[in-house]
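Participant: Let me begin by handing over the structure; questions about it come next.
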Amino acid sequence: MTTQSRFTGFCQEVRNDVILGWAINVSSPRDYVTVLAFIDDQQVAEIKCDQSREDIQEKINFFRSDIGFQFAIPNAFRDGKAHKLSFRFPDNNVISILTKKNPTEGIAAFPFQLEEQPQDKVKILSCMDGWKNGAIHGWVLKQDTSTGKYSGKCQVMVTMDGRHLKTVEANQFRGDVASAVNADARCGFAVVVPRALRKRVRSVFRVYVMPEQIELQGSPYETTLIDDLLEQQLLVVNNQIDFLYKEMATLRSQLKRLISGSEYVINEYGSWAKKYYSLLPKRLEKLHLDLAIKNIEFQTPLISIICPVYQPEIKFFKEAVESVVKQTYQNWELILVDDGGKSVDIQKEIKQLVKQDARIKSVALKTNKGISAATNAGIKKATGEWIAFFDHDDVLVPQALEIMIGSAQLHKTQMLYSDEDKVDDLGAFVEPHFKPDFNYRYLLGLNYICHFVMVHADVVKQAGALDSKYDGAQDHDFLLRLTEIIPHQQIHHVPEVLYHWRKTAGSTAETVDNKDYAIKAGVACVQDHLKRIKKSAKVGSIKGFTAYQVEWKKAQSDLVTIIIPFKDQVHTTKECVDRLLEYTDYKNYQIILVDNASHEAETLAFLEEYSKYERIEVLPIYEEFNFSRLNNLATQQFKSDFYLFLNNDVFVNDSKWLHILVNEALLSEDVGIVGAKLLYPDGRVQHGGVVVGPEVIGDHMNRGLEAEEFGYACRSVLSQELTAVTAAMMLIKASVFEALNGFNENHLKIAFNDVDLCLRAREAGYKVIFSADCMAVHHESLSRGTDDCPEHEERFSYEKEYMNNSWGRKAIYTCDPAYSPNFVVRPPLFYELSNPEKTEATEK
């Protein structure tokens, strides 16, 4: 006899031999339910209901969405025989399975009969990378032997100590994998381990490709659930506590934060997004308050929204239009351009929309002319003062237009763009793209602006029509042409997530990285843009993706003075110099060895020998070590066009390295400083630019990634404007260095002098460029040791205090324009998300 269950739920879909369902515990709703799967009345699996099901959440008005589960029929039952599948709650009550014949009450057991799948038809390429940043990472690809093609987006099941942890789709971008095997980049996964399960005991993880239940390469994986980075930080903090009693309270607070971790992280973006979107009305109120404070009256000009339409799914098209209709800002016109799609349902829907709302207009093209021609047709019909661009199956948040137009008035701009994320088939928000403020050098390598873009109509007309020869990258071409017209200070980034990019099978969001024509169009549009502005360069795709490397061809003749401060460490210094002499093709350079009172006989012999080299000068300085002063004195002694500050533990191995840095510096007159990408000896990134902020002062981007790993939004492989770079290898125009009065040798003798110099350069109107194409190996801190040891702590604390006192009230420091305010500025970067309740992103 069946008893009344304290659980409720059902299985409502069978798709590709995978059963989807949901379950909750009515008597204890905060607890996750584990359902039992049976085949032929034999239990085959325990499944935790922790997958996002916002569709069910909305229908049952439940307080959380992570109540779903899915189950793939194991390969062992693909034997051509008849079987029956059933599910039970933990109290042994049966879960109904809804079918087409029984859509309301359902059935207790689902009969199935699957043909045996030949083993030679499926091959798996995979790797379980391991534990990093709170999650189990890896990738998997399936190969169809009939076609030889690899495909991603496989279902993977993760178990922890023998119990089901989570089943997910491996759909995260892994450019490193795709380039290695020439396959789908959407093949990665990251399964976050709940903090309640992270114990200081060893746990065993296994990952299986479903439904075949093939175990990944590298599985099983055994580890204690403590990040290496976290463990290092804890050790440093404990050592500091032993020596510095005055800072005991601060250090204990830091230790508590490191152990407890973050409330929001990038791998759990969905929970952050839910909170964030609930707060957007308040953020909009703040924007209006900022306008009032500056005595700016909010205006309501007409905004024309251009939406080319070509064979979208009718459901998603309706949702897209509905998101415009529901805007809090009312003065808009939506221009729907039917690009010869020949869909009766879409044509009917467009006619109905035009009748329902006078603000909706339509243009019908007789034949399919492509995205550029369709957009041009919409622009031609537009009558608004502003023009916004919108795709036919994407979604705007309700406050999007009002935030954009308010920001345009607040910042007096001619072009704006916002942050964005993706929405999947189940309506979950995933893969946020938190962007930097306008970054022209980054834009040359990637259309990072993408959505949501709004431009003043006069500028759009001045830029001219979109060009069909760039279809696939037509928006990138159009943005680059706009940068040729609009002063860059009038291009504004709105750091709010206002646009949901539809992520479905076949959508642009899913497939653009696999389209050869898009890559070729992207290369051509960047190449042609540089030709128009008279910059000689060769543009190429990075590993076959829509990310581009620019190789400048400008002839170089400016004198570069390479300054290397050191004391003894003769073997390190000698290797540094020998590599410069061997691997530098650039002709016009000299090396200044700033000898800070070396006394070892081997070092003195080295200096005597190398001082005879034509390119090398020795500058002896007998003072206490002061990195800033040593470099300042060298620049005063040797005049040059450029100074290249170099640690003696940095080793070059590419003959073009100096050509690359100088050419980046010559890109425009306002480029003042150029930094390089530095690697640890094992090939991982040590320095990929610097993010600034009061908590860290300056922290290295992309630290720990493989040298060729793309990183967040390709930011580890693309040259870009940043707020600061390290002086371990820094090129600066001599005129800029002199105008800034050099490094601060009085207050920043050892640490943060490079960050301070870059900040002063940015304040003076100069750009700081990180060159991802110039790479060298850095044996970090060999030259002066670490700042964490007690004997250096007093000086280091003073320098931190000086930086925060000097820059703590300036926006460029408190909210780094090259780093989103939606990320926390502490290591690892691009990982922790700021609390939406404490982030005021509208006014950056």
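How things are named: the first chain in the structure tokens is A, the next is B, and so on; residues count from 1 in each chain; ligands count from 1 in the order shown.
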Could you list, with a cut-off of 9 Å and counting only C-alpha atoms, the residues of stretch 525-588 of chain A near stretch 477-484 of chain A, each shown with its nearest atom pair and the distance in Å rounded to one decimal, rows sorted by chain and ascending number, as a Markdown table?
Facilitator:
```
| residue | atom | partner | partner_atom | distance |
| --- | --- | --- | --- | --- |
| A:Cys525 | CA | A:Asp477 | CA | 5.2 |
| A:Val526 | CA | A:Asp477 | CA | 7.1 |
| A:Asp528 | CA | A:Asp477 | CA | 8.8 |
| A:His529 | CA | A:Leu480 | CA | 6.6 |
| A:Arg532 | CA | A:Glu484 | CA | 8.9 |
| A:Ile533 | CA | A:Glu484 | CA | 7.8 |
```
Participant: Sorted by chain and rising residue number, which residues of stretch 241-354 of chain A lie within 12 Å of stretch 44-57 of chain A, and what are their closest atom pairs and distances in Å to one decimal, counting only C-alpha atoms, as CSV?
Facilitator:
```
residue,atom,partner,partner_atom,distance
A:Glu268,CA,A:Ser52,CA,11.0
A:Tyr269,CA,A:Ser52,CA,11.8
A:Gly270,CA,A:Ser52,CA,8.7
A:Ser271,CA,A:Ser52,CA,9.9
A:Lys274,CA,A:Glu54,CA,10.6
```
Participant: Restricting the output to all heavy atoms, write the selected residues as a PDB file, in the first residue's frame.
Facilitator:
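Generated output (selection_26.pdb):
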```
ATOM      1  N   GLU A 268      29.086  29.617 -10.626  1.00  0.00           N
ATOM      2  CA  GLU A 268      27.715  29.579 -10.130  1.00  0.00           C
ATOM      3  C   GLU A 268      27.016  30.896 -10.460  1.00  0.00           C
ATOM      4  O   GLU A 268      26.309  31.476  -9.640  1.00  0.00           O
ATOM      5  CB  GLU A 268      27.718  29.321  -8.624  1.00  0.00           C
ATOM      6  CG  GLU A 268      28.315  27.971  -8.257  1.00  0.00           C
ATOM      7  CD  GLU A 268      28.408  27.752  -6.755  1.00  0.00           C
ATOM      8  OE1 GLU A 268      29.084  28.555  -6.090  1.00  0.00           O
ATOM      9  OE2 GLU A 268      27.813  26.787  -6.267  1.00  0.00           O
ATOM     10  N   TYR A 269      27.210  31.327 -11.709  1.00  0.00           N
ATOM     11  CA  TYR A 269      26.679  32.624 -12.130  1.00  0.00           C
ATOM     12  C   TYR A 269      25.163  32.707 -12.000  1.00  0.00           C
ATOM     13  O   TYR A 269      24.623  33.771 -11.713  1.00  0.00           O
ATOM     14  CB  TYR A 269      27.092  32.887 -13.582  1.00  0.00           C
ATOM     15  CG  TYR A 269      26.405  34.087 -14.202  1.00  0.00           C
ATOM     16  CD1 TYR A 269      26.749  35.378 -13.818  1.00  0.00           C
ATOM     17  CD2 TYR A 269      25.416  33.924 -15.176  1.00  0.00           C
ATOM     18  CE1 TYR A 269      26.125  36.478 -14.375  1.00  0.00           C
ATOM     19  CE2 TYR A 269      24.794  35.025 -15.742  1.00  0.00           C
ATOM     20  CZ  TYR A 269      25.143  36.301 -15.342  1.00  0.00           C
ATOM     21  OH  TYR A 269      24.518  37.393 -15.898  1.00  0.00           O
ATOM     22  N   GLY A 270      24.462  31.595 -12.203  1.00  0.00           N
ATOM     23  CA  GLY A 270      23.002  31.635 -12.181  1.00  0.00           C
ATOM     24  C   GLY A 270      22.433  32.204 -10.907  1.00  0.00           C
ATOM     25  O   GLY A 270      21.484  32.995 -10.939  1.00  0.00           O
ATOM     26  N   SER A 271      22.991  31.834  -9.755  1.00  0.00           N
ATOM     27  CA  SER A 271      22.481  32.352  -8.483  1.00  0.00           C
ATOM     28  C   SER A 271      22.795  33.829  -8.334  1.00  0.00           C
ATOM     29  O   SER A 271      21.994  34.597  -7.788  1.00  0.00           O
ATOM     30  CB  SER A 271      23.075  31.553  -7.319  1.00  0.00           C
ATOM     31  OG  SER A 271      24.498  31.654  -7.312  1.00  0.00           O
ATOM     32  N   LYS A 274      20.312  35.829 -10.607  1.00  0.00           N
ATOM     33  CA  LYS A 274      18.960  35.938 -10.051  1.00  0.00           C
ATOM     34  C   LYS A 274      18.876  37.092  -9.057  1.00  0.00           C
ATOM     35  O   LYS A 274      17.919  37.888  -9.072  1.00  0.00           O
ATOM     36  CB  LYS A 274      18.591  34.624  -9.376  1.00  0.00           C
ATOM     37  CG  LYS A 274      17.161  34.557  -8.897  1.00  0.00           C
ATOM     38  CD  LYS A 274      16.833  33.162  -8.377  1.00  0.00           C
ATOM     39  CE  LYS A 274      15.380  33.093  -7.921  1.00  0.00           C
ATOM     40  NZ  LYS A 274      15.039  31.735  -7.416  1.00  0.00           N
TER      41      LYS A 274
END
```
Participant: Could you tell me how far atom CA of A:Glu420 lies from atom CA of A:Phe434, in Å and to one decimal?
Facilitator: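 According to the coordinates, atom CA of A:Glu420 and atom CA of A:Phe434 are separated by 7.0 Å.
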Participant: Measuring atom to atom with only C-alpha atoms, identify which of A:Asn182, A:Thr300, A:Gln549, A:Asn596 is nearest to A:Leu446.
Facilitator: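 The closest residue to A:Leu446 is A:Gln549.
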Participant: Any idea what's packed within 6 Å of A:Ala457, counting only C-alpha atoms, ignoring anything in its chain fewer than 3 positions away? Could you give it as a list in words?
Facilitator: Glu385, Trp386, Ile387 and Val460 of chain A
Participant: Can you tell me which residues surround A:Phe770 at a distance of at most 10 Å, considering only C-alpha atoms, apart from same-chain residues fewer than 4 positions away, and format the answer as a ChimeraX atom specification?
Facilitator: /A:441-442,661,664,673-677,687-690,716,718-726,730,774
Participant: List every residue of stretch 681-744 of chain A that DSSP, applied to the backbone, labels as alpha helix (DSSP H), and write the result as a ChimeraX atom specification.
Facilitator: /A:734-739
Participant: Counting only C-alpha atoms, what is within 9 Å of stretch 290-297 of chain A, bar same-chain residues fewer than 6 positions away, as an mmCIF file with all heavy atoms, in the first residue's frame?
Facilitator:
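Contents of part32.cif, as written:
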```cif
data_model
loop_
_atom_site.group_PDB
_atom_site.id
_atom_site.type_symbol
_atom_site.label_atom_id
_atom_site.label_comp_id
_atom_site.auth_asym_id
_atom_site.auth_seq_id
_atom_site.Cartn_x
_atom_site.Cartn_y
_atom_site.Cartn_z
ATOM 1 N N GLY A 406 19.844 56.872 -20.316
ATOM 2 C CA GLY A 406 20.247 57.677 -19.165
ATOM 3 C C GLY A 406 21.755 57.797 -19.073
ATOM 4 O O GLY A 406 22.299 58.874 -18.774
ATOM 5 N N SER A 407 22.467 56.708 -19.339
ATOM 6 C CA SER A 407 23.933 56.726 -19.317
ATOM 7 C C SER A 407 24.480 57.610 -20.433
ATOM 8 O O SER A 407 25.495 58.298 -20.252
ATOM 9 C CB SER A 407 24.478 55.303 -19.461
ATOM 10 O OG SER A 407 24.065 54.489 -18.389
ATOM 11 N N GLN A 409 23.156 60.295 -21.579
ATOM 12 C CA GLN A 409 23.002 61.688 -21.155
ATOM 13 C C GLN A 409 23.963 62.028 -20.008
ATOM 14 O O GLN A 409 24.517 63.131 -19.962
ATOM 15 C CB GLN A 409 21.552 61.935 -20.739
ATOM 16 C CG GLN A 409 20.565 61.790 -21.897
ATOM 17 C CD GLN A 409 19.121 61.731 -21.452
ATOM 18 O OE1 GLN A 409 18.743 62.367 -20.468
ATOM 19 N NE2 GLN A 409 18.309 60.955 -22.159
ATOM 20 N N LEU A 410 24.157 61.078 -19.102
ATOM 21 C CA LEU A 410 25.042 61.324 -17.960
ATOM 22 C C LEU A 410 26.488 61.500 -18.402
ATOM 23 O O LEU A 410 27.205 62.373 -17.893
ATOM 24 C CB LEU A 410 24.931 60.157 -16.969
ATOM 25 C CG LEU A 410 25.764 60.278 -15.688
ATOM 26 C CD1 LEU A 410 25.280 61.438 -14.827
ATOM 27 C CD2 LEU A 410 25.698 58.968 -14.895
ATOM 28 N N GLU A 843 27.304 53.744 -12.266
ATOM 29 C CA GLU A 843 28.182 54.920 -12.255
ATOM 30 C C GLU A 843 29.571 54.460 -11.904
ATOM 31 O O GLU A 843 29.928 54.343 -10.743
ATOM 32 C CB GLU A 843 27.674 55.954 -11.246
ATOM 33 C CG GLU A 843 28.564 57.184 -11.111
ATOM 34 C CD GLU A 843 28.718 57.946 -12.411
ATOM 35 O OE1 GLU A 843 27.831 57.882 -13.261
ATOM 36 O OE2 GLU A 843 29.730 58.641 -12.578
#
```
Participant: Do you know which residues are at most 10 Å from A:Pro836 counting only C-alpha atoms, after dropping those on the same chain fewer than 4 positions away, and could you put them as an MDAnalysis selection string?
Facilitator: chainID A and resid 264 272:280 283 821:822 840:841
Participant: Would you pick out the contacts of A:Ser304 at 7 Å or less, using only C-alpha atoms, so that residues sharing its chain but fewer than 6 positions from it are not included, and give the list as a ChimeraX atom specification?
Facilitator: /A:332-334,382-384,386-388
Participant: Restricted to all heavy atoms, what would the selected residues look like written as a short mmCIF file (atom, residue, chain, number, x, y, z; two decimals), in the first residue's frame?
Facilitator:
```cif
data_model
loop_
_atom_site.label_atom_id
_atom_site.label_comp_id
_atom_site.auth_asym_id
_atom_site.auth_seq_id
_atom_site.Cartn_x
_atom_site.Cartn_y
_atom_site.Cartn_z
N TRP A 332 10.20 54.24 -28.11
CA TRP A 332 11.03 53.43 -29.02
C TRP A 332 10.21 53.02 -30.24
O TRP A 332 8.97 53.06 -30.23
CB TRP A 332 11.57 52.19 -28.32
CG TRP A 332 10.52 51.35 -27.61
CD1 TRP A 332 10.22 51.37 -26.29
CD2 TRP A 332 9.63 50.38 -28.21
NE1 TRP A 332 9.21 50.48 -26.00
CE2 TRP A 332 8.84 49.86 -27.17
CE3 TRP A 332 9.44 49.91 -29.49
CZ2 TRP A 332 7.85 48.89 -27.38
CZ3 TRP A 332 8.47 48.94 -29.73
CH2 TRP A 332 7.68 48.44 -28.68
N GLU A 333 10.93 52.63 -31.26
CA GLU A 333 10.30 51.97 -32.41
C GLU A 333 11.12 50.72 -32.72
O GLU A 333 12.35 50.76 -32.69
CB GLU A 333 10.23 52.89 -33.63
CG GLU A 333 11.57 53.34 -34.17
CD GLU A 333 11.43 54.18 -35.45
OE1 GLU A 333 10.30 54.47 -35.85
OE2 GLU A 333 12.48 54.54 -36.02
N LEU A 334 10.42 49.64 -32.96
CA LEU A 334 11.07 48.36 -33.27
C LEU A 334 10.86 48.08 -34.76
O LEU A 334 9.72 47.94 -35.21
CB LEU A 334 10.48 47.23 -32.43
CG LEU A 334 10.97 45.81 -32.74
CD1 LEU A 334 12.48 45.70 -32.52
CD2 LEU A 334 10.22 44.79 -31.90
N ALA A 382 14.59 53.78 -40.11
CA ALA A 382 14.61 54.31 -38.74
C ALA A 382 14.41 55.82 -38.73
O ALA A 382 14.94 56.54 -39.57
CB ALA A 382 15.93 53.95 -38.07
N THR A 383 13.70 56.30 -37.72
CA THR A 383 13.47 57.75 -37.55
C THR A 383 13.96 58.24 -36.19
O THR A 383 13.78 59.41 -35.86
CB THR A 383 11.97 58.07 -37.69
OG1 THR A 383 11.24 57.35 -36.68
CG2 THR A 383 11.45 57.67 -39.06
N GLY A 384 14.55 57.36 -35.39
CA GLY A 384 14.95 57.73 -34.04
C GLY A 384 16.22 58.54 -33.99
O GLY A 384 17.02 58.56 -34.93
N TRP A 386 18.44 57.88 -31.72
CA TRP A 386 19.42 56.84 -31.40
C TRP A 386 19.03 55.55 -32.11
O TRP A 386 17.85 55.28 -32.34
CB TRP A 386 19.47 56.58 -29.89
CG TRP A 386 20.11 57.70 -29.13
CD1 TRP A 386 19.49 58.84 -28.67
CD2 TRP A 386 21.48 57.80 -28.75
NE1 TRP A 386 20.40 59.63 -28.01
CE2 TRP A 386 21.63 59.02 -28.05
CE3 TRP A 386 22.59 56.99 -28.91
CZ2 TRP A 386 22.85 59.44 -27.52
CZ3 TRP A 386 23.80 57.40 -28.38
CH2 TRP A 386 23.92 58.61 -27.70
N ILE A 387 20.04 54.74 -32.44
CA ILE A 387 19.81 53.45 -33.09
C ILE A 387 20.44 52.35 -32.25
O ILE A 387 21.61 52.45 -31.86
CB ILE A 387 20.36 53.43 -34.52
CG1 ILE A 387 19.53 54.38 -35.41
CG2 ILE A 387 20.35 52.01 -35.10
CD1 ILE A 387 20.01 54.49 -36.84
N ALA A 388 19.64 51.31 -31.96
CA ALA A 388 20.12 50.16 -31.19
C ALA A 388 20.00 48.91 -32.06
O ALA A 388 19.14 48.83 -32.94
CB ALA A 388 19.32 50.00 -29.91
#
```
